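Inspection log for the structure reproduced underneath, given as structure tokens.
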Amino acid sequence: MQTQLGSAVFPRLLRRSLSYIPSILYSLHSLLNLFHFFRFLSNSSPQSQKHKEMASPFLSNTIISFSSSLSSSSSLPRLAPSIPFSAIRSKSTPRRILTVRSKIREIFMPALSSTMTEGKIVSWVKSEGDVLSKGESVVVVESDKADMDVETFYDGILAAIVVGEGETALVGAAIGVLAETEDEIAEAKAKAASKSGASTPSAPPPAPTPAAASTPAPPKSTPAPAAPTVAEGPTKTVATPYAKKLAKQHKVDIESVVGTGPYGRITPEDIEAAAGLSPSKKNVGLAVVVETKHAAPAKAPAASAAPSSLPPPVPGSTVVPFTTMQSAVSKNMVESLSVPTFRVGYPVTTDALDALYEKVKPKGVTMTALLAKAAAMALAQHPVVNSSCKDGKSFTYNSNINIAVAVAINGGLITPVLQDADKLDLYLLSQKWKELVEKARAKQLQPQEYNSGTFTLSNLGMFGVDRFDAILPPGQGAIMAVGASKPTVVADAEGFFSVKNKMLVNVTADHRIIYGADLAAFLQTFSKIVENAESLTL
Amino acid sequence: MHSTLSFSQATTVPTTNYAFHSQSPINLRFCGLRREAFGISILTRSSSGRVRLSTRGRSKRTSASTGNNGTPPKSFDYDLIIIGAGVGGHGAALHAVEKGLKTAIIEGDVVGGTCVNRGCVPSKALLAVSGRMRELQSEHHMKALGLQVSAAGYDRQGVADHANNLASKIRSNLTNSMKALGVDILTGFGTIVGPQKVKYGKVGFTDNVVTAKDIIIATGSVPFVPKGIEVDGKTVITSDHALKLEFVPDWIAIVGSGYIGLEFSDVYTALGSEVTFIEALDQLMPGFDPEISKLAQRVLINPRKIDYHTGVFATKITPARDGKPVIVELTDAKTKEHKDTLEVDAALIATGRAPFTYGLGLENINVVTQRGFVPVDERMRVIDANGNLVPHLYCIGDANGKMMLAHAASAQGISVVEQVTGRDHVLNHLSVPAACFTHPEISMVGLTEPQAREKAEKEGFEISVAKTSFKANTKALAENEGEGLAKLIYRPDNGEILGVHIFGLHAADLIHEASNAVALGTRIQDIRFAVHAHPTLSEVLDELFKSAKVEREALEALKVG
């Protein structure tokens with residue numbers, strides 16, 4: 001539906017309503033502030049948006065809107081000079097301009113009926129920096145029946161969008177700024193910025209400063225700088241379509257965000273991080289990958305620091321973007337920082353295990369299967385170590401014991417899961433493991449085959465690593481890091497020396513649910529099982 | 001024959017072409033609407049004096065015509081030979097057999113053509129998946145229905161297999177149906193060597209020459225790739241490659257926002273990709289009724305992970321290599337200045353389709369293609385370089401460019417068979433429906449509102465527009481899919497339907513009530529009394545016809561008549 005109304009109509013109507021409803025208009029300035037206050041609120045928390053809607057039942061269902069860009073020169077003189085908002089409106093247009101003709105015009109939220117108090121912007125047909133010609137649609141304003149195109153009545157350049165898509169503005173509030181020539185864009189932008197700058201909630205008494213402080217990264221409310229399409233030159237910002245949408249929605253200055261996506265592009269996750277939002281879950285693609293390598297602890301803080309500030313790259317360095325798998329690892333590692341973990345180590349004598357291994361090796365049993373089986377049997381006796389904490393308020397006891405085992409795979413890491421490891425016998429388990437590894441190498445693992453783990457096992461013993469420290473993957477309660485088994489001189493209770501094979505296992509656990517004593521008891525059980533390895537074959 | 005009505009970049013390829021010649025005093029079957037034929041023809045060839053209706057009846061019966069290239073044979077191997085076993089050729093073959101013609105079909109590739117193997121059919125399989133994914137991922141939608149679904153995921157190879165299996169199944173159905181009816185399937189590329197004479201054969205083998213009383217060219221089309229775009233089949237692809245779904249890029253640029261582009265945007269976004277549209281015209285979805293395309297943009301584009309650049313050409317696209325992403329150079333369509341450079345993971349070229357007529361031997365019978373299209377008259381009879389009809393030679397489907405839709409080709413084929421078996425027939429292209437299988441779907445028949453207004457102004461009549469919303473339909477609400485609109489453009493003075501456009505749940509299936517009404521010349525005052533089962537989506541159209549306001553005289557005339 002196109003509504004084309006002469007520019008003269010709007011000022012006239014506005015003036016009429018001004019005179020009829022002086023209470024509303026005692027200060028358009030404060031209304032503006034009120035509007036910004038609402039915006040501020042809605043930025044702070046989603047609930048406030050609801051409050052706002054509930055609090056204004058008069059929010060018109062029949063918004064009839066029309067548009068106008070109001071020339072300050074034509075309208076200002078008619079608005080009584082005593083009206084305070086003229087102060088803002090004509091900040092940069094001194095009185096003499098009344099005759100000179102101002103070249104910076106504001107686009108207002110239009111209204112036709114006296115019941116309409118605010119309107120919602122459906123979409124901006126034009127973007128900042130676009131050249132507009134008279135009669136062109138600039139913005140779409142929503143009423144319940146249909147959306148109306150709002151047209152411009154002046155040629156010019158859309159210098160700044162003050163009220164973004166999906167937002168509401170009070171009738172009469174400036175929603176955009178129009179500059180006549182390119183030279184005035186900067187001035188117009190400043191004007192728009194001052195509009196937003198002036199939005200610090202002063203008029204409504206309960207200034208919600210604490211609310212603002214509680215949000216991790218207060219969204220910037222300055223209008224986005226010139227549309228990225230205008231940007232040129234070598235250091236171009238590349239952002240994905242959804243990232244741009246989110247940036248607009250959350251008022252994130254996209255230029256200030258450091259992209260972590262492929263080729264350094266800005267991804268939706270980057271914007272969410274910059275806006276201080278928890279990343280929305282993405283179900284498509286690789287979901288759970290665990291990192292247990294030595295490099296991990298160093299990597300995690302680096303990744304978390306990335307969005308804020310990065311040291312300039314060393315000259316001559318090459319940037320290799322993450323693969324999908326590596327991105328998933330990175331994401332999981334950063335996520336793991338939110339869990340309070342602690343570690344308990346335990347030396348385990350493995351002579352019996354080694355002997356058993358030699359015996360069953362010809363039947364295709366691997367050390368991984370033996371360790372997984374042992375861990376599973378120990379977990380069966382200590383269900384709390386097999387539990388997880390999903391919400392920070394409760395234990396989630398898992399009915400199955402699914403042992404995820406970390407496997408390095410060219411340039412990445414994946415954790416195939418041995419399901420029901422406590423129930424399957426050693427031979428089945430070994431066979432299962434072989435299948436899983438083959439599938440993993442062929443990248444054919446089904447999601448439940450790598451993300452259903454309830455406990456993770458990571459073994460670097462084959463490299464001669466004697467002990468290491470694993471990072472707890474999100475969604476699990478504990479992870480066991482297994483070092484190499486080495487001949488060690490030990491003294492027994494009678495003081496006799498002997499040489500036994502010992503390996504150090506080190507378990508990282510979520511201390512919200514698993515306490516030191518739990519872990520110690522679990523490790524003791526595990527150690528006993530390994531030391532009486534024959535039980536593994538039962 | 002992939003459904004392509006839009007043209008984005010390829011302004012040289014007339015994808016929407018209702019070029020239609022209106023002087024035809026003979027056929028009165030399509031009362032009313034055939035007279036409404038019009039041309040928004042991009043092909044600006046004139047129609048005057050080229051079609052010699054008076055001679056038509058005779059030349060059809062005489063087998064010895066005045067061919068200027070060799071003498072046509074006296075007896076023929078076949079009554080009808082069709083070059084190209086796509087949907088158009090298949091439709092023609094089946095109808096020819098029914099009419100008792102000895103029929104052969106020549107195919108150099110696989111039976112089924114573009115539609116079955118690389119077009120409408122496999123894309124529907126992908127869209128069936130995307131529709132379900134979209135539904136399962138919409139927490140809001142699921143919640144409203146009281147359903148709980150944990151993380152929906154997909155297996156790319158499984159999806160690709162579904163599309164491939166569907167294509168094979170339909171292909172074998174098509175082949176079997178022709179074999180069962182006794183249509184000879186001749187393998188090889190067909191070339192016309194003279195009047196009523198075709199040779200065919202595979203490369204490196206000796207050619208066979210066969211003769212037929214009538215020949216139909218139905219060679220279809222291939223994806224059109226504008227200059228400067230390097231297609232590597234991996235990161236820069238056409239619909240041919242995309243349908244194999246060999247990978248799902250994180251971010252894909254789709255050049256062209258017509259049917260093909262829109263459908264793929266639906267597939268890719270449902271599978272987790274982000275999409276950037278590149279459209280040469282000033283607005284997205286240029287082939288659709290403006291009101292529909294606007295609503296479609298609000299539903300299919302804005303809320304999804306899609307952005308777009310309009311009024312720009314993708315003048316250069318370089319595939320990903322040497323550790324660099326796919327690079328797309330955008331040039332302003334008007335100023336021809338470089339505007340922007342995109343770096344994406346893949347680019348899909350959906351700029352329309354180009355006719356596949358090269359090597360057809362048209363030069364042997366003095367026919368010159370126009371930008372690759374075989375020039376034909378309204379009866380699909382091929383026109384030679386001098387503007388004369390080539391006897392016994394017809395061209396249907398994408399190769400003639402009249403309306404590049406699979407079912408249009410089939411309808412044209414049937415029309416040709418009707419003619420060669422002694423019954424004059426002219427297909428009313430305005431009654432051919434078109435559909436885009438996004439979620440929700442878009443469908444249409446006849447004129448768009450601007451086209452109707454232009455025609456009304458030219459011919460001096462009034463038009464009216466009626467609209468109904470899916471929001472008021474019980475079945476749509478039960479499905480929790482109330483988003484949608486049906487729009488009717490009609491003449492209030494006589495109740496004639498000029499165009500119907502639907503955007504909403506199952507729109508592609510709903511359009512046929514309207515397209516049949518247009519084909520049969522049914523007026524609003526008649527159809528509004530037809531009964532629809534309740535509650536069904538078809539009531540959207542019922543409401544639509546009932547809400548149209550036909551002037552009293554027309555209604556009176558109905559009572560009298």
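Starting from 1 in every chain, residues are counted up; chains themselves are A, B, ... following the order of the structure tokens, and ligands are numbered from 1 as listed.
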Using only C-alpha atoms, which chain B residues lie at most 6 Å away from chain A, written as a JSON list (two decimals) with all heavy atoms, in the first residue's frame?
```
[["chain", "number", "residue", "atom", "x", "y", "z"],
["B", 151, "ALA", "N", 17.16, -31.34, 19.02],
["B", 151, "ALA", "CA", 18.00, -30.93, 17.91],
["B", 151, "ALA", "C", 17.79, -31.72, 16.61],
["B", 151, "ALA", "O", 18.14, -32.89, 16.51],
["B", 151, "ALA", "CB", 19.45, -31.03, 18.33],
["B", 153, "GLY", "N", 18.77, -32.65, 12.94],
["B", 153, "GLY", "CA", 20.00, -32.64, 12.15],
["B", 153, "GLY", "C", 19.76, -33.34, 10.84],
["B", 153, "GLY", "O", 18.68, -33.88, 10.61],
["B", 305, "LYS", "N", 18.44, -16.07, 7.06],
["B", 305, "LYS", "CA", 19.83, -15.61, 7.08],
["B", 305, "LYS", "C", 20.27, -15.25, 5.66],
["B", 305, "LYS", "O", 21.15, -15.87, 5.09],
["B", 305, "LYS", "CB", 20.71, -16.70, 7.68],
["B", 305, "LYS", "CG", 20.38, -16.95, 9.13],
["B", 305, "LYS", "CD", 21.16, -18.08, 9.72],
["B", 305, "LYS", "CE", 20.73, -18.28, 11.17],
["B", 305, "LYS", "NZ", 21.45, -19.38, 11.81],
["B", 306, "ILE", "N", 19.57, -14.26, 5.13],
["B", 306, "ILE", "CA", 19.79, -13.88, 3.74],
["B", 306, "ILE", "C", 19.98, -12.37, 3.66],
["B", 306, "ILE", "O", 19.26, -11.63, 4.31],
["B", 306, "ILE", "CB", 18.55, -14.27, 2.88],
["B", 306, "ILE", "CG1", 18.30, -15.77, 2.96],
["B", 306, "ILE", "CG2", 18.74, -13.83, 1.43],
["B", 306, "ILE", "CD1", 17.06, -16.23, 2.20],
["B", 307, "ASP", "N", 20.95, -11.92, 2.90],
["B", 307, "ASP", "CA", 20.98, -10.51, 2.52],
["B", 307, "ASP", "C", 21.06, -10.44, 1.01],
["B", 307, "ASP", "O", 21.08, -11.48, 0.34],
["B", 307, "ASP", "CB", 22.11, -9.74, 3.22],
["B", 307, "ASP", "CG", 23.49, -10.13, 2.73],
["B", 307, "ASP", "OD1", 23.59, -11.11, 1.97],
["B", 307, "ASP", "OD2", 24.47, -9.47, 3.10]]
```
Residues of segment 290-486 of chain A in strand (DSSP E or B), written as a PyMOL selection string: chain A and resi 341-349+388+396+403-405+407-409+412-414+417-418+455-459+478-486
In Å, rounded to a single decimal, give me how far atom CA of Ile237 of chain B is from atom CA of Cys395 of chain B. 29.1 Å
Test item: residues at most 7 Å from Asp351 of chain A, only C-alpha atoms, excluding those fewer than 4 positions along its chain, as number ranges by chain: A: 355, 500-501
Contacts of segment 503-518 of chain A within 9 Å, only C-alpha atoms, excl. fewer than 3 positions in-chain, as a PyMOL selection string: chain A and resi 339-350+382+384-385+387-389+392-395+461+466-472+476-487+521-523
Segment 262-271 of chain B environment, 7 Å, only C-alpha atoms, sequence neighbours closer than 6 positions dropped, as number ranges by chain: B: 126-127, 130, 133-134, 305, 436-438
Atom pair atom CA of His95 of chain B / atom CA of His392 of chain B: separation (Å):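 If I compute the distance from atom CA of His95 of chain B to atom CA of His392 of chain B, I get 17.2 Å.
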Near Asn400 of chain A, counting only C-alpha atoms, which residues have an atom at most 9 Å away, once you skip same-chain residues fewer than 5 positions from it, shown as a ChimeraX atom specification? /A:386,419-422,454
